[in-house]
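*Asks:* Next comes coords.cif, mmCIF, C-alpha atoms and all ligand atoms; chains and numbers go by the auth columns:
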```
data_run
#
loop_
_atom_site.group_PDB
_atom_site.id
_atom_site.type_symbol
_atom_site.label_atom_id
_atom_site.label_comp_id
_atom_site.label_asym_id
_atom_site.label_seq_id
_atom_site.Cartn_x
_atom_site.Cartn_y
_atom_site.Cartn_z
_atom_site.B_iso_or_equiv
_atom_site.auth_seq_id
_atom_site.auth_asym_id
ATOM 1 C CA MET A 1 -13.609 -13.551 6.428 0.00 1 A
ATOM 2 C CA ASN A 2 -15.573 -12.606 3.315 0.00 2 A
ATOM 3 C CA LYS A 3 -16.679 -9.019 3.673 0.00 3 A
ATOM 4 C CA ASP A 4 -19.571 -7.410 1.893 0.00 4 A
ATOM 5 C CA PRO A 5 -18.105 -4.389 0.077 0.00 5 A
ATOM 6 C CA ARG A 6 -21.467 -2.630 0.065 0.00 6 A
ATOM 7 C CA LYS A 7 -21.812 -2.893 3.835 0.00 7 A
ATOM 8 C CA GLU A 8 -18.187 -1.911 4.314 0.00 8 A
ATOM 9 C CA PHE A 9 -18.759 1.135 2.128 0.00 9 A
ATOM 10 C CA GLU A 10 -21.882 2.172 4.052 0.00 10 A
ATOM 11 C CA ASP A 11 -20.142 1.657 7.402 0.00 11 A
ATOM 12 C CA LEU A 12 -17.473 4.072 6.275 0.00 12 A
ATOM 13 C CA PHE A 13 -19.973 6.895 6.450 0.00 13 A
ATOM 14 C CA LEU A 14 -21.597 5.842 9.718 0.00 14 A
ATOM 15 C CA GLN A 15 -18.524 6.859 11.691 0.00 15 A
ATOM 16 C CA SER A 16 -18.309 10.395 10.373 0.00 16 A
ATOM 17 C CA GLN A 17 -21.212 12.372 9.032 0.00 17 A
ATOM 18 C CA PRO A 18 -20.124 13.758 5.661 0.00 18 A
ATOM 19 C CA SER A 19 -20.374 17.500 5.326 0.00 19 A
ATOM 20 C CA ASP A 20 -22.015 18.984 2.264 0.00 20 A
ATOM 21 C CA GLU A 21 -19.231 21.459 1.660 0.00 21 A
ATOM 22 C CA GLU A 22 -16.348 19.211 0.831 0.00 22 A
ATOM 23 C CA PRO A 23 -16.264 16.438 -1.775 0.00 23 A
ATOM 24 C CA LEU A 24 -15.078 13.066 -0.523 0.00 24 A
ATOM 25 C CA PHE A 25 -12.873 10.613 -2.352 0.00 25 A
ATOM 26 C CA VAL A 26 -12.045 7.008 -1.625 0.00 26 A
ATOM 27 C CA LEU A 27 -8.549 5.620 -1.230 0.00 27 A
ATOM 28 C CA PHE A 28 -7.598 2.064 -0.317 0.00 28 A
ATOM 29 C CA GLY A 29 -5.096 0.758 2.169 0.00 29 A
ATOM 30 C CA PHE A 30 -4.485 -1.824 4.869 0.00 30 A
ATOM 31 C CA ASP A 31 -2.890 -1.982 8.296 0.00 31 A
ATOM 32 C CA CYS A 32 0.749 -3.066 8.512 0.00 32 A
ATOM 33 C CA LEU A 33 0.865 -6.385 10.372 0.00 33 A
ATOM 34 C CA GLY A 34 3.854 -5.087 12.315 0.00 34 A
ATOM 35 C CA CYS A 35 3.240 -1.518 13.458 0.00 35 A
ATOM 36 C CA GLU A 36 -0.421 -1.114 12.369 0.00 36 A
ATOM 37 C CA ASP A 37 0.425 2.010 10.379 0.00 37 A
ATOM 38 C CA ILE A 38 -1.763 2.259 7.317 0.00 38 A
ATOM 39 C CA ILE A 39 -0.041 1.251 4.104 0.00 39 A
ATOM 40 C CA TRP A 40 -1.745 3.239 1.359 0.00 40 A
ATOM 41 C CA LEU A 41 -2.244 1.790 -2.090 0.00 41 A
ATOM 42 C CA PRO A 42 -1.797 3.778 -5.275 0.00 42 A
ATOM 43 C CA VAL A 43 -4.765 4.627 -7.453 0.00 43 A
ATOM 44 C CA GLU A 44 -4.724 6.374 -10.824 0.00 44 A
ATOM 45 C CA ASN A 45 -8.022 8.215 -10.588 0.00 45 A
ATOM 46 C CA PRO A 46 -9.528 8.257 -7.101 0.00 46 A
ATOM 47 C CA SER A 47 -13.307 7.963 -7.161 0.00 47 A
ATOM 48 C CA GLN A 48 -15.411 10.752 -5.771 0.00 48 A
ATOM 49 C CA VAL A 49 -18.325 9.745 -3.584 0.00 49 A
ATOM 50 C CA GLU A 50 -21.710 11.007 -4.779 0.00 50 A
ATOM 51 C CA PHE A 51 -24.506 11.542 -2.286 0.00 51 A
ATOM 52 C CA GLU A 52 -28.237 11.359 -2.634 0.00 52 A
ATOM 53 C CA GLY A 53 -30.446 12.487 0.239 0.00 53 A
ATOM 54 C CA GLY A 54 -27.396 12.459 2.539 0.00 54 A
ATOM 55 C CA LYS A 55 -26.577 8.842 1.677 0.00 55 A
ATOM 56 C CA PRO A 56 -23.482 7.842 -0.253 0.00 56 A
ATOM 57 C CA ILE A 57 -24.193 6.132 -3.559 0.00 57 A
ATOM 58 C CA PRO A 58 -22.060 3.028 -3.972 0.00 58 A
ATOM 59 C CA ASN A 59 -20.835 2.609 -7.520 0.00 59 A
ATOM 60 C CA SER A 60 -18.765 -0.155 -8.994 0.00 60 A
ATOM 61 C CA SER A 61 -15.398 1.586 -8.674 0.00 61 A
ATOM 62 C CA LEU A 62 -16.071 2.308 -5.002 0.00 62 A
ATOM 63 C CA LEU A 63 -17.173 -1.235 -4.277 0.00 63 A
ATOM 64 C CA GLU A 64 -14.510 -3.003 -6.244 0.00 64 A
ATOM 65 C CA ARG A 65 -12.156 -4.940 -3.972 0.00 65 A
ATOM 66 C CA PRO A 66 -9.189 -7.108 -4.830 0.00 66 A
ATOM 67 C CA PRO A 67 -10.203 -10.515 -6.188 0.00 67 A
ATOM 68 C CA GLU A 68 -10.064 -13.481 -3.818 0.00 68 A
ATOM 69 C CA ARG A 69 -6.727 -14.734 -5.120 0.00 69 A
ATOM 70 C CA TRP A 70 -5.079 -11.283 -4.711 0.00 70 A
ATOM 71 C CA SER A 71 -2.130 -11.216 -2.420 0.00 71 A
ATOM 72 C CA GLU A 72 0.944 -9.016 -2.381 0.00 72 A
ATOM 73 C CA VAL A 73 4.104 -8.903 -0.347 0.00 73 A
ATOM 74 C CA PHE A 74 4.751 -5.543 1.292 0.00 74 A
ATOM 75 C CA GLY A 75 7.654 -4.347 3.356 0.00 75 A
ATOM 76 C CA CYS A 76 6.865 -1.551 5.806 0.00 76 A
ATOM 77 C CA ILE A 77 9.691 0.966 6.021 0.00 77 A
ATOM 78 C CA GLN A 78 8.453 2.173 9.413 0.00 78 A
ATOM 79 C CA CYS A 79 8.830 -1.106 11.280 0.00 79 A
ATOM 80 C CA GLY A 80 10.537 -3.348 8.706 0.00 80 A
ATOM 81 C CA ARG A 81 7.874 -6.041 8.725 0.00 81 A
ATOM 82 C CA ILE A 82 7.742 -8.007 5.464 0.00 82 A
ATOM 83 C CA ALA A 83 4.427 -9.806 5.099 0.00 83 A
ATOM 84 C CA THR A 84 2.006 -11.141 2.524 0.00 84 A
ATOM 85 C CA TYR A 85 -1.328 -9.333 2.478 0.00 85 A
ATOM 86 C CA ALA A 86 -4.523 -10.894 1.200 0.00 86 A
ATOM 87 C CA GLY A 87 -7.143 -8.871 -0.620 0.00 87 A
ATOM 88 C CA ASP A 88 -9.653 -9.006 2.217 0.00 88 A
ATOM 89 C CA LEU A 89 -7.326 -6.885 4.362 0.00 89 A
ATOM 90 C CA VAL A 90 -7.671 -4.008 1.910 0.00 90 A
ATOM 91 C CA ARG A 91 -10.256 -1.470 3.037 0.00 91 A
ATOM 92 C CA PRO A 92 -11.605 1.839 1.803 0.00 92 A
ATOM 93 C CA PHE A 93 -11.022 5.195 3.463 0.00 93 A
ATOM 94 C CA ALA A 94 -13.090 8.311 2.812 0.00 94 A
ATOM 95 C CA ILE A 95 -10.804 11.300 2.342 0.00 95 A
ATOM 96 C CA PRO A 96 -11.923 14.951 2.092 0.00 96 A
ATOM 97 C CA GLN A 97 -10.738 16.661 -1.083 0.00 97 A
ATOM 98 C CA SER A 98 -8.451 19.069 0.783 0.00 98 A
ATOM 99 C CA LEU A 99 -6.494 16.175 2.295 0.00 99 A
ATOM 100 C CA MET A 100 -6.210 14.179 -0.912 0.00 100 A
ATOM 101 C CA PRO A 101 -2.815 15.534 -2.039 0.00 101 A
ATOM 102 C CA ARG A 102 -1.337 14.567 1.320 0.00 102 A
ATOM 103 C CA PHE A 103 -2.815 11.082 1.335 0.00 103 A
ATOM 104 C CA ARG A 104 -2.059 10.384 -2.311 0.00 104 A
ATOM 105 C CA ALA A 105 1.545 11.376 -1.655 0.00 105 A
ATOM 106 C CA CYS A 106 1.540 8.640 1.004 0.00 106 A
ATOM 107 C CA ALA A 107 0.793 6.014 -1.631 0.00 107 A
ATOM 108 C CA ASP A 108 4.286 6.205 -3.087 0.00 108 A
ATOM 109 C CA VAL A 109 4.703 2.538 -3.850 0.00 109 A
ATOM 110 C CA TYR A 110 7.588 0.829 -5.606 0.00 110 A
ATOM 111 C CA HIS A 111 7.801 -2.766 -6.735 0.00 111 A
ATOM 112 C CA VAL A 112 11.212 -4.249 -6.017 0.00 112 A
ATOM 113 C CA VAL A 113 12.436 -7.589 -7.375 0.00 113 A
ATOM 114 C CA PHE A 114 15.685 -9.160 -6.202 0.00 114 A
ATOM 115 C CA ALA A 115 17.237 -12.501 -5.409 0.00 115 A
ATOM 116 C CA CYS A 116 17.399 -13.835 -1.867 0.00 116 A
ATOM 117 C CA GLY A 117 20.914 -13.159 -0.569 0.00 117 A
ATOM 118 C CA GLU A 118 21.288 -16.578 1.083 0.00 118 A
ATOM 119 C CA LYS A 119 24.099 -18.614 -0.437 0.00 119 A
ATOM 120 C CA GLY A 120 22.701 -21.280 -2.770 0.00 120 A
ATOM 121 C CA CYS A 121 19.119 -19.970 -2.643 0.00 121 A
ATOM 122 C CA ARG A 122 18.793 -16.966 -4.927 0.00 122 A
ATOM 123 C CA SER A 123 14.994 -17.340 -4.940 0.00 123 A
ATOM 124 C CA PRO A 124 13.353 -14.339 -6.568 0.00 124 A
ATOM 125 C CA VAL A 125 11.703 -12.028 -4.071 0.00 125 A
ATOM 126 C CA SER A 126 9.009 -9.636 -5.217 0.00 126 A
ATOM 127 C CA LEU A 127 7.908 -7.043 -2.731 0.00 127 A
ATOM 128 C CA HIS A 128 6.378 -3.605 -2.526 0.00 128 A
ATOM 129 C CA VAL A 129 7.529 -0.712 -0.431 0.00 129 A
ATOM 130 C CA ASP A 130 5.863 2.600 0.260 0.00 130 A
ATOM 131 C CA ILE A 131 8.720 5.049 0.432 0.00 131 A
ATOM 132 C CA SER A 132 6.845 8.296 1.065 0.00 132 A
ATOM 133 C CA ALA A 133 8.565 8.768 4.433 0.00 133 A
ATOM 134 C CA PHE A 134 11.940 8.263 2.781 0.00 134 A
ATOM 135 C CA HIS A 135 11.173 10.754 0.032 0.00 135 A
ATOM 136 C CA ALA A 136 10.408 13.501 2.482 0.00 136 A
ATOM 137 C CA ALA A 137 13.718 13.056 4.268 0.00 137 A
ATOM 138 C CA SER A 138 16.225 13.097 1.410 0.00 138 A
ATOM 139 C CA THR A 139 16.922 14.047 -2.187 0.00 139 A
ATOM 140 C CA GLY A 140 17.186 11.671 -5.150 0.00 140 A
ATOM 141 C CA THR A 141 14.829 9.778 -7.407 0.00 141 A
ATOM 142 C CA GLY A 142 12.118 7.446 -6.226 0.00 142 A
ATOM 143 C CA THR A 143 14.019 4.480 -7.598 0.00 143 A
ATOM 144 C CA GLU A 144 17.086 5.481 -5.592 0.00 144 A
ATOM 145 C CA HIS A 145 14.959 5.888 -2.500 0.00 145 A
ATOM 146 C CA ALA A 146 13.403 2.466 -2.953 0.00 146 A
ATOM 147 C CA VAL A 147 16.862 0.865 -3.166 0.00 147 A
ATOM 148 C CA ALA A 148 18.060 2.989 -0.235 0.00 148 A
ATOM 149 C CA ALA A 149 15.064 1.797 1.800 0.00 149 A
ATOM 150 C CA LEU A 150 15.909 -1.836 1.014 0.00 150 A
ATOM 151 C CA ARG A 151 19.511 -1.219 2.037 0.00 151 A
ATOM 152 C CA SER A 152 18.756 0.939 5.071 0.00 152 A
ATOM 153 C CA GLY A 153 18.820 -1.929 7.535 0.00 153 A
ATOM 154 C CA VAL A 154 15.132 -1.658 8.441 0.00 154 A
ATOM 155 C CA PHE A 155 14.387 -4.996 6.748 0.00 155 A
ATOM 156 C CA ASP A 156 17.422 -6.880 8.038 0.00 156 A
ATOM 157 C CA ASP A 157 16.590 -10.369 9.347 0.00 157 A
ATOM 158 C CA GLN A 158 12.964 -10.211 8.213 0.00 158 A
ATOM 159 C CA MET A 159 11.700 -13.569 6.955 0.00 159 A
ATOM 160 C CA LEU A 160 11.373 -13.791 3.171 0.00 160 A
ATOM 161 C CA PRO A 161 8.802 -16.008 1.433 0.00 161 A
ATOM 162 C CA CYS A 162 11.611 -18.538 0.623 0.00 162 A
ATOM 163 C CA GLY A 163 12.174 -18.998 4.361 0.00 163 A
ATOM 164 C CA HIS A 164 15.513 -17.194 4.616 0.00 164 A
ATOM 165 C CA SER A 165 16.094 -13.943 6.372 0.00 165 A
ATOM 166 C CA TYR A 166 16.544 -10.804 4.351 0.00 166 A
ATOM 167 C CA GLN A 167 20.110 -9.771 3.598 0.00 167 A
ATOM 168 C CA ARG A 168 21.169 -6.572 1.898 0.00 168 A
ATOM 169 C CA ILE A 169 22.647 -7.014 -1.583 0.00 169 A
ATOM 170 C CA PRO A 170 24.488 -4.529 -3.837 0.00 170 A
ATOM 171 C CA PRO A 171 22.277 -1.683 -5.132 0.00 171 A
ATOM 172 C CA GLU A 172 22.499 -2.724 -8.785 0.00 172 A
ATOM 173 C CA ARG A 173 20.887 -6.077 -7.986 0.00 173 A
ATOM 174 C CA TYR A 174 17.497 -4.590 -7.070 0.00 174 A
ATOM 175 C CA ARG A 175 15.066 -4.120 -9.954 0.00 175 A
ATOM 176 C CA VAL A 176 12.697 -1.283 -9.159 0.00 176 A
ATOM 177 C CA THR A 177 9.470 -0.125 -10.808 0.00 177 A
ATOM 178 C CA ARG A 178 7.093 2.518 -9.588 0.00 178 A
ATOM 179 C CA VAL A 179 3.450 1.484 -9.141 0.00 179 A
ATOM 180 C CA THR A 180 0.980 4.202 -10.030 0.00 180 A
ATOM 181 C CA THR A 181 -2.181 2.290 -10.834 0.00 181 A
ATOM 182 C CA ARG A 182 -4.552 0.276 -8.692 0.00 182 A
ATOM 183 C CA MET A 183 -2.969 -3.044 -7.821 0.00 183 A
ATOM 184 C CA TRP A 184 -5.915 -5.247 -8.774 0.00 184 A
HETATM 185 ZN ZN ZN B . 4.894 -1.333 9.888 0.00 201 A
HETATM 186 ZN ZN ZN B . 16.121 -17.728 0.174 0.00 202 A
#
```
As structure tokens, what does this structure read like?
*Replies:*
Amino acid sequence: MNKDPRKEFEDLFLQSQPSDEEPLFVLFGFDCLGCEDIIWLPVENPSQVEFEGGKPIPNSSLLERPPERWSEVFGCIQCGRIATYAGDLVRPFAIPQSLMPRFRACADVYHVVFACGEKGCRSPVSLHVDISAFHAASTGTGTEHAVAALRSGVFDDQMLPCGHSYQRIPPERYRVTRVTTRMW
């Protein structure tokens, strides 16, 4: 399963011929294991792709992938699937500058920590949710939206890492932090 980041990066530009007019940036994401929607990952300063003779120049920030041990639990608010994602599922996407605001807005990721609601378990659960779709639909802060997403019912009965199914708990028992930097 080990991918060569350099080859992956070059393949990115085989599919679509980059135009000279518009700068391209790279964002990272992976496919939800449930609905196959792309879950976008936050990045502080997206890297612009430089070209030489029509070929993209791979630099270290464009080639950098999560380390082998990287894995994160994500909950998809579209389909509710809670799953653990390994670093080799993360892939780069080339995004034209004009579309960057839209795609960066998609990477609206919150880290939520709470205790499993199963009686006698209380195992800590640490998961990430991208709440961009939630944001668009209602008012309130991101933290409120993250809690609202967890309590919306979309995750009900999903399997948690402790082996119990997810149960909604009172809002004050979710600890929420926004993630704005690259997660590796
Ligand atoms: Zn999904
Ligand atoms: Zn549990």
*Asks:* Could you build a table of the residues in range 159-184 of chain A lying no more than 10 Å from range 120-139 of chain A, giving for each the nearest pair of atoms and their separation in Å rounded to one decimal place, using only C-alpha atoms, ordered by chain and ascending residue number, as a tab-separated table?
*Replies:*
```
residue	atom	partner	partner_atom	distance
A:Leu160	CA	A:Val125	CA	7.5
A:Pro161	CA	A:Val125	CA	7.4
A:Cys162	CA	A:Ser123	CA	6.6
A:Gly163	CA	A:Ser123	CA	9.9
A:His164	CA	A:Cys121	CA	8.6
A:Tyr166	CA	A:Val125	CA	9.8
A:Tyr174	CA	A:Val125	CA	9.9
A:Arg175	CA	A:Ser126	CA	9.5
A:Val176	CA	A:His128	CA	9.5
A:Thr177	CA	A:His128	CA	9.5
A:Arg178	CA	A:His128	CA	9.4
A:Val179	CA	A:His128	CA	8.8
```
*Asks:* I need the residues from that last selection saved to file as a PDB file, keeping the file's coordinate frame (with C-alpha atoms), if you can.
*Replies:*
```pdb
ATOM      1  CA  LEU A 160      11.373 -13.791   3.171  1.00  0.00           C
ATOM      2  CA  PRO A 161       8.802 -16.008   1.433  1.00  0.00           C
ATOM      3  CA  CYS A 162      11.611 -18.538   0.623  1.00  0.00           C
ATOM      4  CA  GLY A 163      12.174 -18.998   4.361  1.00  0.00           C
ATOM      5  CA  HIS A 164      15.513 -17.194   4.616  1.00  0.00           C
ATOM      6  CA  TYR A 166      16.544 -10.804   4.351  1.00  0.00           C
ATOM      7  CA  TYR A 174      17.497  -4.590  -7.070  1.00  0.00           C
ATOM      8  CA  ARG A 175      15.066  -4.120  -9.954  1.00  0.00           C
ATOM      9  CA  VAL A 176      12.697  -1.283  -9.159  1.00  0.00           C
ATOM     10  CA  THR A 177       9.470  -0.125 -10.808  1.00  0.00           C
ATOM     11  CA  ARG A 178       7.093   2.518  -9.588  1.00  0.00           C
ATOM     12  CA  VAL A 179       3.450   1.484  -9.141  1.00  0.00           C
TER      13      VAL A 179
END
```
*Asks:* At what distance in Å, to one decimal, does CA of Val147 in chain A lie from CA of Thr84 in chain A?
*Replies:*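 Value for the CA of Thr84 in chain A-CA of Val147 in chain A distance: 19.9 Å.
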*Asks:* Pick out the closest residue to Val109 in chain A from this set: A:Ile57, A:Leu41, A:Leu150, A:Leu89. Count all atoms listed in the file.
*Replies:*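 Result for the nearest residue to Val109 in chain A: A:Leu41.
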*Asks:* Mind listing whatever residues come within 12 Å of the point (19.8, -3.5, 3.1)? Use all atoms listed in the file, file coordinates, and give them as a list of chain:residue names.
*Replies:* A:Ile77, A:Gly80, A:Phe114, A:Cys116, A:Gly117, A:His145, A:Ala146, A:Val147, A:Ala148, A:Ala149, A:Leu150, A:Arg151, A:Ser152, A:Gly153, A:Val154, A:Phe155, A:Asp156, A:Asp157, A:Gln158, A:Ser165, A:Tyr166, A:Gln167, A:Arg168, A:Ile169, A:Pro170, A:Pro171, A:Arg173, A:Tyr174
*Asks:* Using the chain letters and numbers from the file, give me the residues hit by the PyMOL selection byres (((chain A and resi 33-36) around 12) and not hetatm), as a PyMOL selection string.
*Replies:* chain A and resi 29-32+37-40+73-86+89+155+158
*Asks:* To one decimal place in Å, what is the distance between CA of Lys3 in chain A and CA of Arg91 in chain A?
*Replies:* 9.9 Å
*Asks:* Please measure the separation of CA of Val113 in chain A and CA of Glu68 in chain A, giving the value in Å to one decimal.
*Replies:* 23.5 Å
*Asks:* Which of these residues is nearest to Gln48 in chain A, using all atoms listed in the file: A:Asp88, A:Asp108, A:Asp4, A:Glu22?
*Replies:*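 The answer is A:Glu22, which sits nearest to Gln48 in chain A.
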*Asks:* As a ChimeraX atom specification, please: the residues near Glu10 in chain A (cut-off 10 Å, all atoms listed in the file, same-chain neighbours under 5 positions excluded).
*Replies:* /A:5,15,55-58
*Asks:* Pick the closest to ligand ZN 202 (chain A) from A:Val43, A:Leu63, A:Ala115, A:Ala105: which is it, counting all atoms listed in the file?
*Replies:*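 Using all atoms listed in the file, ligand ZN 202 (chain A) sits closest to A:Ala115.
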*Asks:* Mind rebuilding range 75-98 of chain A with N, CA and C atoms and writing that out as a PDB file, in the coordinates of the input?
*Replies:*
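Just written: rebuild27.pdb:
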```pdb
ATOM      1  N   GLY A  75       6.711  -4.606   2.275  1.00  0.00           N
ATOM      2  CA  GLY A  75       7.654  -4.347   3.356  1.00  0.00           C
ATOM      3  C   GLY A  75       7.368  -2.957   3.888  1.00  0.00           C
ATOM      4  N   CYS A  76       7.185  -2.848   5.196  1.00  0.00           N
ATOM      5  CA  CYS A  76       6.865  -1.551   5.806  1.00  0.00           C
ATOM      6  C   CYS A  76       8.168  -0.870   6.218  1.00  0.00           C
ATOM      7  N   ILE A  77       8.412   0.340   5.690  1.00  0.00           N
ATOM      8  CA  ILE A  77       9.691   0.966   6.021  1.00  0.00           C
ATOM      9  C   ILE A  77       9.673   1.621   7.407  1.00  0.00           C
ATOM     10  N   GLN A  78       8.510   1.645   8.038  1.00  0.00           N
ATOM     11  CA  GLN A  78       8.453   2.173   9.413  1.00  0.00           C
ATOM     12  C   GLN A  78       8.982   1.143  10.405  1.00  0.00           C
ATOM     13  N   CYS A  79       8.475  -0.094  10.269  1.00  0.00           N
ATOM     14  CA  CYS A  79       8.830  -1.106  11.280  1.00  0.00           C
ATOM     15  C   CYS A  79       9.639  -2.259  10.684  1.00  0.00           C
ATOM     16  N   GLY A  80       9.739  -2.316   9.349  1.00  0.00           N
ATOM     17  CA  GLY A  80      10.537  -3.348   8.706  1.00  0.00           C
ATOM     18  C   GLY A  80       9.809  -4.646   8.436  1.00  0.00           C
ATOM     19  N   ARG A  81       8.577  -4.782   8.896  1.00  0.00           N
ATOM     20  CA  ARG A  81       7.874  -6.041   8.725  1.00  0.00           C
ATOM     21  C   ARG A  81       7.629  -6.348   7.247  1.00  0.00           C
ATOM     22  N   ILE A  82       8.062  -7.538   6.812  1.00  0.00           N
ATOM     23  CA  ILE A  82       7.742  -8.007   5.464  1.00  0.00           C
ATOM     24  C   ILE A  82       6.657  -9.062   5.610  1.00  0.00           C
ATOM     25  N   ALA A  83       5.534  -8.866   4.946  1.00  0.00           N
ATOM     26  CA  ALA A  83       4.427  -9.806   5.099  1.00  0.00           C
ATOM     27  C   ALA A  83       3.623  -9.876   3.812  1.00  0.00           C
ATOM     28  N   THR A  84       2.899 -10.970   3.666  1.00  0.00           N
ATOM     29  CA  THR A  84       2.006 -11.141   2.524  1.00  0.00           C
ATOM     30  C   THR A  84       0.601 -10.705   2.945  1.00  0.00           C
ATOM     31  N   TYR A  85      -0.007  -9.860   2.150  1.00  0.00           N
ATOM     32  CA  TYR A  85      -1.328  -9.333   2.478  1.00  0.00           C
ATOM     33  C   TYR A  85      -2.358  -9.865   1.500  1.00  0.00           C
ATOM     34  N   ALA A  86      -3.435 -10.399   2.036  1.00  0.00           N
ATOM     35  CA  ALA A  86      -4.523 -10.894   1.200  1.00  0.00           C
ATOM     36  C   ALA A  86      -5.482  -9.749   0.904  1.00  0.00           C
ATOM     37  N   GLY A  87      -6.239  -9.924  -0.173  1.00  0.00           N
ATOM     38  CA  GLY A  87      -7.143  -8.871  -0.620  1.00  0.00           C
ATOM     39  C   GLY A  87      -8.176  -8.459   0.405  1.00  0.00           C
ATOM     40  N   ASP A  88      -8.587  -9.386   1.282  1.00  0.00           N
ATOM     41  CA  ASP A  88      -9.653  -9.006   2.217  1.00  0.00           C
ATOM     42  C   ASP A  88      -9.150  -8.114   3.353  1.00  0.00           C
ATOM     43  N   LEU A  89      -7.850  -7.845   3.378  1.00  0.00           N
ATOM     44  CA  LEU A  89      -7.326  -6.885   4.362  1.00  0.00           C
ATOM     45  C   LEU A  89      -7.398  -5.445   3.848  1.00  0.00           C
ATOM     46  N   VAL A  90      -7.613  -5.338   2.528  1.00  0.00           N
ATOM     47  CA  VAL A  90      -7.671  -4.008   1.910  1.00  0.00           C
ATOM     48  C   VAL A  90      -9.016  -3.366   2.225  1.00  0.00           C
ATOM     49  N   ARG A  91      -8.991  -2.120   2.740  1.00  0.00           N
ATOM     50  CA  ARG A  91     -10.256  -1.470   3.037  1.00  0.00           C
ATOM     51  C   ARG A  91     -10.275  -0.039   2.520  1.00  0.00           C
ATOM     52  N   PRO A  92     -11.484   0.481   2.335  1.00  0.00           N
ATOM     53  CA  PRO A  92     -11.605   1.839   1.803  1.00  0.00           C
ATOM     54  C   PRO A  92     -11.522   2.890   2.915  1.00  0.00           C
ATOM     55  N   PHE A  93     -11.058   4.051   2.553  1.00  0.00           N
ATOM     56  CA  PHE A  93     -11.022   5.195   3.463  1.00  0.00           C
ATOM     57  C   PHE A  93     -11.638   6.383   2.731  1.00  0.00           C
ATOM     58  N   ALA A  94     -12.507   7.112   3.414  1.00  0.00           N
ATOM     59  CA  ALA A  94     -13.090   8.311   2.812  1.00  0.00           C
ATOM     60  C   ALA A  94     -12.223   9.509   3.167  1.00  0.00           C
ATOM     61  N   ILE A  95     -11.756  10.212   2.131  1.00  0.00           N
ATOM     62  CA  ILE A  95     -10.804  11.300   2.342  1.00  0.00           C
ATOM     63  C   ILE A  95     -11.391  12.606   1.793  1.00  0.00           C
ATOM     64  N   PRO A  96     -11.457  13.656   2.611  1.00  0.00           N
ATOM     65  CA  PRO A  96     -11.923  14.951   2.092  1.00  0.00           C
ATOM     66  C   PRO A  96     -10.966  15.479   1.029  1.00  0.00           C
ATOM     67  N   GLN A  97     -11.523  16.186   0.058  1.00  0.00           N
ATOM     68  CA  GLN A  97     -10.738  16.661  -1.083  1.00  0.00           C
ATOM     69  C   GLN A  97      -9.472  17.421  -0.668  1.00  0.00           C
ATOM     70  N   SER A  98      -9.594  18.240   0.384  1.00  0.00           N
ATOM     71  CA  SER A  98      -8.451  19.069   0.783  1.00  0.00           C
ATOM     72  C   SER A  98      -7.280  18.239   1.298  1.00  0.00           C
TER      73      SER A  98
END
```
